[in-house]
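Undergrad: This is coords.tsv, which holds TSV, C-alpha atoms:
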chain	number	residue	atom	x	y	z
A	1	MET	CA	-18.92	14.77	29.35
A	2	GLU	CA	-16.65	17.20	31.20
A	3	SER	CA	-14.04	17.12	33.98
A	4	VAL	CA	-12.63	13.82	32.75
A	5	LYS	CA	-9.48	12.93	34.65
A	6	LYS	CA	-6.99	10.10	34.78
A	7	ILE	CA	-6.99	8.52	38.24
A	8	ALA	CA	-4.20	5.95	38.00
A	9	GLU	CA	-1.84	4.13	35.62
A	10	ALA	CA	0.20	0.94	36.07
A	11	ASP	CA	1.80	-2.00	34.29
A	12	PHE	CA	-0.67	-4.77	33.52
A	13	PRO	CA	0.68	-8.12	32.24
A	14	THR	CA	-1.94	-10.45	30.70
A	15	ARG	CA	-1.94	-13.69	28.78
A	16	TRP	CA	-2.35	-11.60	25.61
A	17	GLY	CA	0.72	-9.51	26.36
A	18	ALA	CA	1.90	-6.52	28.39
A	19	PHE	CA	-0.51	-3.60	28.70
A	20	ARG	CA	-0.66	-0.42	30.71
A	21	ILE	CA	-3.89	-0.13	32.72
A	22	LEU	CA	-5.34	3.35	33.16
A	23	GLY	CA	-8.34	4.43	35.23
A	24	PHE	CA	-10.47	7.38	34.12
A	25	GLU	CA	-13.32	9.15	35.86
A	26	GLY	CA	-15.80	11.47	34.22
A	27	THR	CA	-18.91	13.38	35.21
A	28	ARG	CA	-22.13	13.12	33.22
A	29	THR	CA	-23.21	16.55	31.96
A	30	GLU	CA	-26.60	15.44	30.63
A	31	PRO	CA	-29.17	12.87	31.76
A	32	GLY	CA	-28.46	9.37	30.41
A	33	ALA	CA	-30.58	7.47	27.91
A	34	CYS	CA	-32.38	5.77	30.80
A	35	ASP	CA	-31.97	6.86	34.41
A	36	GLY	CA	-28.38	8.08	34.53
A	37	ALA	CA	-28.51	11.42	36.33
A	38	GLN	CA	-26.72	14.62	35.39
A	39	GLY	CA	-23.65	15.02	37.58
A	40	GLU	CA	-23.30	11.26	38.07
A	41	ALA	CA	-19.72	9.97	38.10
A	42	GLU	CA	-18.69	7.36	35.53
A	43	ASP	CA	-15.61	5.15	35.58
A	44	LEU	CA	-13.71	3.60	32.70
A	45	VAL	CA	-10.63	1.40	32.48
A	46	ALA	CA	-8.30	1.54	29.48
A	47	LEU	CA	-5.85	-1.23	28.59
A	48	VAL	CA	-3.20	0.26	26.32
A	49	MET	CA	-0.57	-1.71	24.42
A	50	GLY	CA	2.30	-0.51	22.25
A	51	ASP	CA	2.50	2.45	19.89
A	52	ILE	CA	-0.99	3.93	19.55
A	53	HIS	CA	0.05	7.12	17.75
A	54	SER	CA	1.95	6.21	14.57
A	55	ALA	CA	-1.22	4.84	12.94
A	56	ALA	CA	-4.89	4.49	13.82
A	57	PRO	CA	-4.87	1.83	16.57
A	58	LEU	CA	-7.24	-1.07	17.06
A	59	VAL	CA	-9.79	-0.01	19.67
A	60	ARG	CA	-12.55	-1.93	21.42
A	61	ILE	CA	-15.20	-0.24	23.58
A	62	HIS	CA	-16.43	-3.06	25.78
A	63	SER	CA	-19.38	-2.69	28.13
A	64	GLN	CA	-19.06	-4.47	31.46
A	65	CYS	CA	-20.79	-7.86	31.56
A	66	LEU	CA	-20.24	-9.57	34.89
A	67	THR	CA	-22.20	-12.65	33.85
A	68	GLY	CA	-20.26	-13.13	30.64
A	69	ASP	CA	-16.84	-11.60	31.27
A	70	VAL	CA	-16.38	-13.13	34.74
A	71	PHE	CA	-18.69	-16.15	34.95
A	72	GLY	CA	-18.47	-17.24	31.31
A	73	SER	CA	-22.20	-17.01	30.60
A	74	LEU	CA	-23.30	-18.30	27.22
A	75	ARG	CA	-26.51	-16.27	27.23
A	76	CYS	CA	-24.46	-13.63	25.37
A	77	ASP	CA	-21.29	-13.30	23.31
A	78	CYS	CA	-19.66	-10.68	25.57
A	79	ARG	CA	-16.74	-12.69	26.96
A	80	LEU	CA	-15.98	-14.13	23.53
A	81	GLN	CA	-15.88	-10.60	22.08
A	82	LEU	CA	-13.68	-9.37	24.93
A	83	GLU	CA	-11.17	-12.15	24.37
A	84	LEU	CA	-11.32	-11.67	20.60
A	85	ALA	CA	-10.45	-7.99	20.99
A	86	LEU	CA	-7.59	-8.62	23.43
A	87	SER	CA	-6.25	-11.36	21.17
A	88	ARG	CA	-6.26	-9.10	18.11
A	89	ILE	CA	-4.62	-6.24	19.98
A	90	GLY	CA	-2.01	-8.64	21.35
A	91	ALA	CA	-1.31	-10.12	17.91
A	92	GLU	CA	-0.87	-6.65	16.43
A	93	GLY	CA	1.24	-5.46	19.36
A	94	ALA	CA	-0.70	-2.23	19.74
A	95	GLY	CA	-4.20	-1.08	20.58
A	96	ILE	CA	-6.63	0.02	23.26
A	97	LEU	CA	-9.43	-1.75	25.08
A	98	LEU	CA	-11.84	0.63	26.81
A	99	TYR	CA	-13.86	-1.16	29.49
A	100	GLU	CA	-16.94	0.84	30.40
A	101	GLN	CA	-19.03	0.17	33.51
A	102	GLN	CA	-22.38	-0.09	31.74
A	103	GLU	CA	-23.71	-3.47	32.84
A	104	GLY	CA	-26.65	-4.88	30.90
A	105	ARG	CA	-26.43	-2.27	28.12
A	106	GLY	CA	-26.61	0.37	30.84
A	107	ILE	CA	-29.54	-0.86	32.96
A	108	GLY	CA	-27.44	-2.26	35.82
A	109	LEU	CA	-26.83	-5.75	37.14
A	110	MET	CA	-30.04	-6.36	39.12
A	111	ALA	CA	-32.24	-5.08	36.29
A	112	LYS	CA	-30.27	-7.27	33.90
A	113	LEU	CA	-31.03	-10.32	36.02
A	114	LYS	CA	-34.71	-9.35	35.99
A	115	ALA	CA	-34.44	-9.13	32.20
A	116	TYR	CA	-32.98	-12.66	32.16
A	117	GLU	CA	-36.02	-13.82	34.10
A	118	LEU	CA	-38.34	-12.24	31.53
A	119	GLN	CA	-36.32	-13.81	28.70
A	120	ASP	CA	-36.82	-17.21	30.32
A	121	GLN	CA	-40.55	-16.50	30.03
A	122	GLY	CA	-40.28	-15.86	26.29
A	123	LEU	CA	-39.36	-12.21	25.78
A	124	ASP	CA	-36.30	-11.30	23.73
A	125	THR	CA	-33.56	-9.06	25.09
A	126	VAL	CA	-35.10	-5.85	23.70
A	127	GLU	CA	-38.63	-6.72	24.85
A	128	ALA	CA	-37.35	-7.58	28.33
A	129	ASN	CA	-35.62	-4.20	28.73
A	130	GLN	CA	-38.73	-2.40	27.55
A	131	GLU	CA	-40.96	-4.42	29.88
A	132	LEU	CA	-38.79	-3.16	32.75
A	133	GLY	CA	-39.24	0.43	31.58
A	134	PHE	CA	-35.86	0.88	29.90
A	135	ALA	CA	-34.78	1.63	26.36
A	136	ALA	CA	-33.38	-1.26	24.32
A	137	ASP	CA	-29.91	0.22	24.87
A	138	CYS	CA	-29.16	2.74	27.62
A	139	ARG	CA	-25.46	3.19	26.97
A	140	GLY	CA	-23.56	6.34	26.15
A	141	TYR	CA	-20.03	6.63	24.79
A	142	GLU	CA	-18.93	10.14	25.78
A	143	LEU	CA	-16.41	8.89	28.35
A	144	PRO	CA	-14.63	6.46	25.96
A	145	ALA	CA	-14.35	9.26	23.39
A	146	ALA	CA	-12.96	11.64	26.02
A	147	ALA	CA	-10.46	9.01	27.20
A	148	LEU	CA	-9.25	8.48	23.63
A	149	LYS	CA	-8.68	12.22	23.26
A	150	MET	CA	-6.75	12.30	26.55
A	151	LEU	CA	-4.59	9.51	25.14
A	152	GLY	CA	-3.93	11.63	22.05
A	153	VAL	CA	-5.90	9.33	19.73
A	154	THR	CA	-8.18	10.93	17.13
A	155	GLN	CA	-8.40	8.06	14.59
A	156	VAL	CA	-9.27	4.44	15.37
A	157	ARG	CA	-9.96	1.08	13.83
A	158	LEU	CA	-12.96	0.12	15.91
A	159	ILE	CA	-13.64	-3.52	16.79
A	160	THR	CA	-17.43	-3.62	16.89
A	161	ASN	CA	-20.60	-4.97	15.29
A	162	ASN	CA	-22.59	-2.03	16.67
A	163	PRO	CA	-23.06	0.94	14.30
A	164	ASP	CA	-24.13	3.12	17.24
A	165	LYS	CA	-20.58	2.97	18.62
A	166	VAL	CA	-19.17	4.11	15.28
A	167	ALA	CA	-21.67	6.98	15.10
A	168	ALA	CA	-21.02	8.02	18.72
A	169	LEU	CA	-17.25	8.25	18.24
A	170	GLU	CA	-17.61	10.09	14.94
A	171	SER	CA	-19.99	12.62	16.52
A	172	ALA	CA	-17.46	13.15	19.34
A	173	GLY	CA	-14.70	13.95	16.85
A	174	ILE	CA	-12.95	10.56	16.75
A	175	GLU	CA	-12.58	9.34	13.17
A	176	VAL	CA	-13.37	5.65	12.67
A	177	VAL	CA	-11.17	4.80	9.70
A	178	GLU	CA	-12.21	1.13	9.75
A	179	ARG	CA	-14.86	-0.97	11.44
A	180	VAL	CA	-13.30	-4.31	12.36
A	181	SER	CA	-15.80	-7.13	12.87
A	182	ALA	CA	-16.30	-8.44	16.40
A	183	GLU	CA	-18.17	-11.50	15.15
A	184	VAL	CA	-17.48	-14.64	17.18
A	185	GLU	CA	-18.28	-18.31	16.75
A	186	PRO	CA	-22.05	-18.58	17.32
A	187	GLN	CA	-23.42	-20.78	20.08
A	188	GLU	CA	-26.93	-22.22	20.16
A	189	SER	CA	-27.40	-20.74	23.64
A	190	PHE	CA	-27.13	-17.16	22.36
A	191	GLU	CA	-28.38	-17.53	18.79
A	192	ARG	CA	-31.70	-15.80	19.58
A	193	TYR	CA	-29.83	-13.03	21.42
A	194	LEU	CA	-27.71	-12.36	18.33
A	195	ARG	CA	-30.70	-12.48	16.01
A	196	THR	CA	-32.48	-9.87	18.14
A	197	LYS	CA	-29.43	-7.60	18.11
A	198	GLN	CA	-29.25	-7.89	14.34
A	199	GLU	CA	-32.95	-7.48	13.58
A	200	LYS	CA	-33.93	-4.92	16.22
A	201	MET	CA	-30.70	-3.05	16.98
A	202	GLY	CA	-28.96	-3.06	13.59
A	203	HIS	CA	-25.83	-4.94	14.63
A	204	ILE	CA	-23.72	-6.09	11.68
A	205	PHE	CA	-22.71	-9.73	11.35
A	206	GLN	CA	-23.63	-12.93	9.55
A	207	LEU	CA	-26.04	-15.32	11.21
A	208	HIS	CA	-25.25	-18.90	10.26
A	209	LYS	CA	-28.29	-21.11	9.86
Rewrite the coordinates I just gave you, this time as C-alpha coordinates.

TA:
Amino acid sequence: MESVKKIAEADFPTRWGAFRILGFEGTRTEPGACDGAQGEAEDLVALVMGDIHSAAPLVRIHSQCLTGDVFGSLRCDCRLQLELALSRIGAEGAGILLYEQQEGRGIGLMAKLKAYELQDQGLDTVEANQELGFAADCRGYELPAAALKMLGVTQVRLITNNPDKVAALESAGIEVVERVSAEVEPQESFERYLRTKQEKMGHIFQLHK
(Lines of atoms letter the chains of each structure in order from A and count residues from 1; the text may use other names and numbers.)
(Lines give C-alpha, C1' and ligand atoms only; values in the text may rest on other atoms or scores of the structure.)
Protein backbone atom coordinates (compact mmCIF):
# COMPACT_ATOMS: atom_id res chain seq x y z
CA MET A 1 0.00 0.00 0.00
CA GLU A 2 1.48 3.33 -1.04
CA SER A 3 0.36 6.95 -1.49
CA VAL A 4 -1.88 6.77 1.57
CA LYS A 5 -3.28 10.20 2.39
CA LYS A 6 -5.63 11.73 4.90
CA ILE A 7 -8.61 13.27 3.12
CA ALA A 8 -10.54 14.91 5.96
CA GLU A 9 -10.86 15.20 9.76
CA ALA A 10 -13.72 16.47 11.94
CA ASP A 11 -15.37 16.23 15.34
CA PHE A 12 -17.67 13.24 15.65
CA PRO A 13 -19.93 12.98 18.73
CA THR A 14 -21.50 9.53 19.31
CA ARG A 15 -23.48 7.84 22.04
CA TRP A 16 -20.21 6.23 23.17
CA GLY A 17 -18.45 9.57 23.50
CA ALA A 18 -16.64 12.23 21.47
CA PHE A 19 -14.40 11.01 18.65
CA ARG A 20 -12.53 12.61 15.81
CA ILE A 21 -13.47 11.11 12.43
CA LEU A 22 -10.71 10.86 9.83
CA GLY A 23 -10.96 9.73 6.21
CA PHE A 24 -8.02 7.98 4.54
CA GLU A 25 -7.50 6.94 0.94
CA GLY A 26 -4.89 4.50 -0.28
CA THR A 27 -3.92 2.87 -3.55
CA ARG A 28 -3.50 -0.89 -3.86
CA THR A 29 0.01 -1.76 -5.03
CA GLU A 30 -0.64 -5.48 -5.55
CA PRO A 31 -3.65 -7.48 -6.72
CA GLY A 32 -6.06 -8.34 -3.89
CA ALA A 33 -6.77 -11.80 -2.53
CA CYS A 34 -9.75 -12.07 -4.88
CA ASP A 35 -10.41 -9.57 -7.65
CA GLY A 36 -9.09 -6.32 -6.21
CA ALA A 37 -6.97 -4.78 -8.97
CA GLN A 38 -3.56 -3.18 -8.64
CA GLY A 39 -3.96 0.60 -8.61
CA GLU A 40 -7.48 0.38 -7.17
CA ALA A 41 -8.34 3.07 -4.61
CA GLU A 42 -9.37 2.01 -1.12
CA ASP A 43 -11.10 4.11 1.53
CA LEU A 44 -10.98 3.81 5.30
CA VAL A 45 -12.57 5.76 8.13
CA ALA A 46 -10.87 6.09 11.52
CA LEU A 47 -12.71 7.05 14.70
CA VAL A 48 -10.13 8.31 17.19
CA MET A 49 -10.77 9.04 20.85
CA GLY A 50 -8.48 10.47 23.51
CA ASP A 51 -4.75 9.96 24.05
CA ILE A 52 -3.58 7.22 21.68
CA HIS A 53 0.15 7.75 22.20
CA SER A 54 0.97 7.41 25.91
CA ALA A 55 0.24 3.66 25.84
CA ALA A 56 -0.78 1.06 23.28
CA PRO A 57 -4.40 2.02 22.47
CA LEU A 58 -7.39 -0.25 22.00
CA VAL A 59 -7.86 -0.72 18.25
CA ARG A 60 -10.59 -2.43 16.26
CA ILE A 61 -10.31 -3.09 12.51
CA HIS A 62 -13.92 -3.49 11.45
CA SER A 63 -14.92 -4.56 7.96
CA GLN A 64 -17.99 -2.87 6.54
CA CYS A 65 -21.18 -4.92 6.92
CA LEU A 66 -24.18 -3.02 5.58
CA THR A 67 -26.60 -5.80 6.51
CA GLY A 68 -25.38 -6.04 10.08
CA ASP A 69 -24.02 -2.60 10.93
CA VAL A 70 -26.93 -0.66 9.38
CA PHE A 71 -29.89 -3.05 9.20
CA GLY A 72 -29.17 -5.04 12.36
CA SER A 73 -28.95 -8.44 10.64
CA LEU A 74 -28.63 -11.41 12.95
CA ARG A 75 -27.10 -13.62 10.26
CA CYS A 76 -23.75 -12.41 11.63
CA ASP A 77 -22.24 -10.85 14.75
CA CYS A 78 -20.83 -7.78 12.97
CA ARG A 79 -23.00 -5.05 14.50
CA LEU A 80 -22.64 -6.56 17.96
CA GLN A 81 -18.84 -6.55 17.55
CA LEU A 82 -18.88 -2.97 16.27
CA GLU A 83 -20.87 -1.77 19.26
CA LEU A 84 -18.73 -3.82 21.64
CA ALA A 85 -15.58 -2.16 20.31
CA LEU A 86 -17.02 1.37 20.48
CA SER A 87 -18.29 0.70 23.99
CA ARG A 88 -14.88 -0.50 25.19
CA ILE A 89 -13.08 2.43 23.60
CA GLY A 90 -15.61 4.82 25.12
CA ALA A 91 -15.28 3.24 28.57
CA GLU A 92 -11.50 3.51 28.41
CA GLY A 93 -11.62 7.05 27.04
CA ALA A 94 -9.09 6.32 24.30
CA GLY A 95 -8.76 4.13 21.24
CA ILE A 96 -9.22 3.81 17.50
CA LEU A 97 -11.86 2.14 15.37
CA LEU A 98 -10.74 1.57 11.77
CA TYR A 99 -13.73 1.00 9.48
CA GLU A 100 -12.63 -0.63 6.25
CA GLN A 101 -14.83 -0.81 3.14
CA GLN A 102 -14.53 -4.56 2.61
CA GLU A 103 -18.13 -5.74 2.50
CA GLY A 104 -18.73 -9.47 2.80
CA ARG A 105 -15.13 -10.25 3.78
CA GLY A 106 -14.07 -8.41 0.64
CA ILE A 107 -16.37 -9.92 -2.00
CA GLY A 108 -18.75 -6.94 -2.24
CA LEU A 109 -22.39 -6.44 -1.36
CA MET A 110 -24.10 -8.13 -4.33
CA ALA A 111 -21.86 -11.19 -4.11
CA LYS A 112 -22.53 -11.30 -0.37
CA LEU A 113 -26.27 -11.40 -1.03
CA LYS A 114 -25.70 -14.24 -3.51
CA ALA A 115 -23.75 -16.00 -0.76
CA TYR A 116 -26.72 -15.54 1.58
CA GLU A 117 -28.90 -17.23 -1.03
CA LEU A 118 -26.52 -20.18 -1.19
CA GLN A 119 -26.43 -20.37 2.61
CA ASP A 120 -30.22 -20.60 2.62
CA GLN A 121 -29.77 -23.67 0.40
CA GLY A 122 -27.47 -25.32 2.94
CA LEU A 123 -23.93 -24.11 2.28
CA ASP A 124 -21.93 -22.52 5.09
CA THR A 125 -20.34 -19.09 4.74
CA VAL A 126 -17.00 -20.46 3.49
CA GLU A 127 -18.59 -22.90 1.04
CA ALA A 128 -20.84 -20.15 -0.33
CA ASN A 129 -17.89 -17.84 -1.05
CA GLN A 130 -16.02 -20.66 -2.74
CA GLU A 131 -19.06 -21.64 -4.81
CA LEU A 132 -19.08 -18.07 -6.14
CA GLY A 133 -15.40 -18.34 -7.07
CA PHE A 134 -13.95 -16.38 -4.16
CA ALA A 135 -11.57 -17.25 -1.36
CA ALA A 136 -13.07 -17.78 2.09
CA ASP A 137 -11.73 -14.35 3.06
CA CYS A 138 -10.70 -11.74 0.48
CA ARG A 139 -9.70 -8.98 2.85
CA GLY A 140 -6.37 -7.23 3.18
CA TYR A 141 -5.20 -5.01 6.03
CA GLU A 142 -2.46 -2.87 4.47
CA LEU A 143 -4.53 0.32 4.61
CA PRO A 144 -5.43 0.01 8.34
CA ALA A 145 -1.75 -0.58 9.14
CA ALA A 146 -0.74 2.45 7.06
CA ALA A 147 -3.40 4.60 8.75
CA LEU A 148 -2.12 3.57 12.18
CA LYS A 149 1.40 4.59 11.20
CA MET A 150 0.12 7.95 9.94
CA LEU A 151 -1.52 8.40 13.34
CA GLY A 152 1.83 7.71 15.00
CA VAL A 153 0.70 4.39 16.49
CA THR A 154 3.11 1.45 16.36
CA GLN A 155 1.73 -0.68 19.24
CA VAL A 156 -1.90 -1.70 19.72
CA ARG A 157 -4.23 -3.77 21.84
CA LEU A 158 -6.28 -5.30 19.06
CA ILE A 159 -9.96 -6.12 19.58
CA THR A 160 -10.41 -9.20 17.41
CA ASN A 161 -11.14 -12.92 17.31
CA ASN A 162 -9.34 -13.22 13.96
CA PRO A 163 -5.66 -14.28 14.12
CA ASP A 164 -5.17 -13.13 10.51
CA LYS A 165 -5.64 -9.51 11.62
CA VAL A 166 -2.99 -9.93 14.30
CA ALA A 167 -0.57 -11.49 11.80
CA ALA A 168 -1.26 -8.81 9.17
CA LEU A 169 -0.52 -5.93 11.55
CA GLU A 170 2.59 -7.62 12.90
CA SER A 171 3.90 -8.21 9.37
CA ALA A 172 3.29 -4.52 8.60
CA GLY A 173 5.37 -3.44 11.58
CA ILE A 174 2.57 -2.74 14.07
CA GLU A 175 3.16 -4.61 17.33
CA VAL A 176 0.07 -6.27 18.79
CA VAL A 177 0.86 -6.24 22.50
CA GLU A 178 -2.49 -7.80 23.42
CA ARG A 179 -5.35 -9.49 21.60
CA VAL A 180 -8.60 -8.39 23.24
CA SER A 181 -11.54 -10.73 22.66
CA ALA A 182 -14.36 -9.50 20.42
CA GLU A 183 -16.64 -12.32 21.53
CA VAL A 184 -20.30 -11.30 21.82
CA GLU A 185 -23.41 -12.93 23.21
CA PRO A 186 -24.23 -15.76 20.78
CA GLN A 187 -27.56 -15.85 18.97
CA GLU A 188 -29.16 -18.96 17.53
CA SER A 189 -29.49 -17.18 14.18
CA PHE A 190 -25.71 -16.93 13.73
CA GLU A 191 -24.50 -19.95 15.70
CA ARG A 192 -23.61 -21.90 12.53
CA TYR A 193 -21.85 -18.81 11.12
CA LEU A 194 -19.66 -18.60 14.23
CA ARG A 195 -18.95 -22.32 14.22
CA THR A 196 -17.78 -22.11 10.61
CA LYS A 197 -15.50 -19.17 11.40
CA GLN A 198 -14.01 -21.10 14.29
CA GLU A 199 -13.61 -24.46 12.56
CA LYS A 200 -12.63 -23.32 9.05
CA MET A 201 -11.06 -19.90 9.57
CA GLY A 202 -9.36 -20.29 12.95
CA HIS A 203 -11.25 -17.55 14.79
CA ILE A 204 -10.73 -17.64 18.55
CA PHE A 205 -13.71 -17.73 20.90
CA GLN A 206 -15.79 -20.09 23.00
CA LEU A 207 -18.87 -21.66 21.46
CA HIS A 208 -21.53 -22.25 24.09
CA LYS A 209 -23.56 -25.40 23.58

Undergrad: Have a look at atom CA of A:Asp69 and atom CA of A:Arg179 and let me know their distance in Å, one decimal.

TA: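 Taking atom CA of A:Asp69 and atom CA of A:Arg179, their separation equals 22.6 Å.
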
Undergrad: Between atom CA of A:Gly104 and atom CA of A:Glu25, what is the distance in Å, rounded to a tenth?

TA: 20.0 Å

Undergrad: At what distance in Å, to one decimal, does atom CA of A:Val156 lie from atom CA of A:Ser87?

TA: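 The value is 17.1 Å.
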
Undergrad: When you count only C-alpha atoms, which of these residues is closest to A:Glu142: A:Gly23, A:Pro163, A:Gly173, A:Pro57?

TA: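 Using only C-alpha atoms, the shortest distance to A:Glu142 belongs to A:Gly173.
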
Undergrad: Measuring atom to atom with all atoms listed in the file, identify which of A:Leu58, A:Asp164, A:Val180, A:Gly26 is nearest to A:Gly90.

TA: A:Leu58

Undergrad: If we count all atoms listed in the file and set the cut-off at 8 Å, which residues sit around stretch 109-116 of chain A, ignoring sequence neighbours fewer than 6 positions away in its own chain? Please answer as a list in words.

TA: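 Residues near the query, excluding close chain neighbours: Leu66, Glu103, Thr125, Ala128, Asn129 and Leu132 of chain A.
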
Undergrad: Measuring between only C-alpha atoms, which one of A:Lys165, A:Glu185, A:Thr14, A:Leu143 shows the shortest distance to A:Gln101?

TA: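 Closest candidate: A:Leu143.
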
Undergrad: List the spatial neighbours of A:Ile174 as an NGL selection string - criterion: any atom at most 8 Å away, all atoms listed in the file, same-chain residues fewer than 5 positions off excluded.

TA: :A and (145 or 149 or 153-156 or 169)

Undergrad: Which of these residues is nearest to A:Ala182, using only C-alpha atoms: A:Ala85, A:Leu44, A:Val126, A:Ala136?

TA: A:Ala85
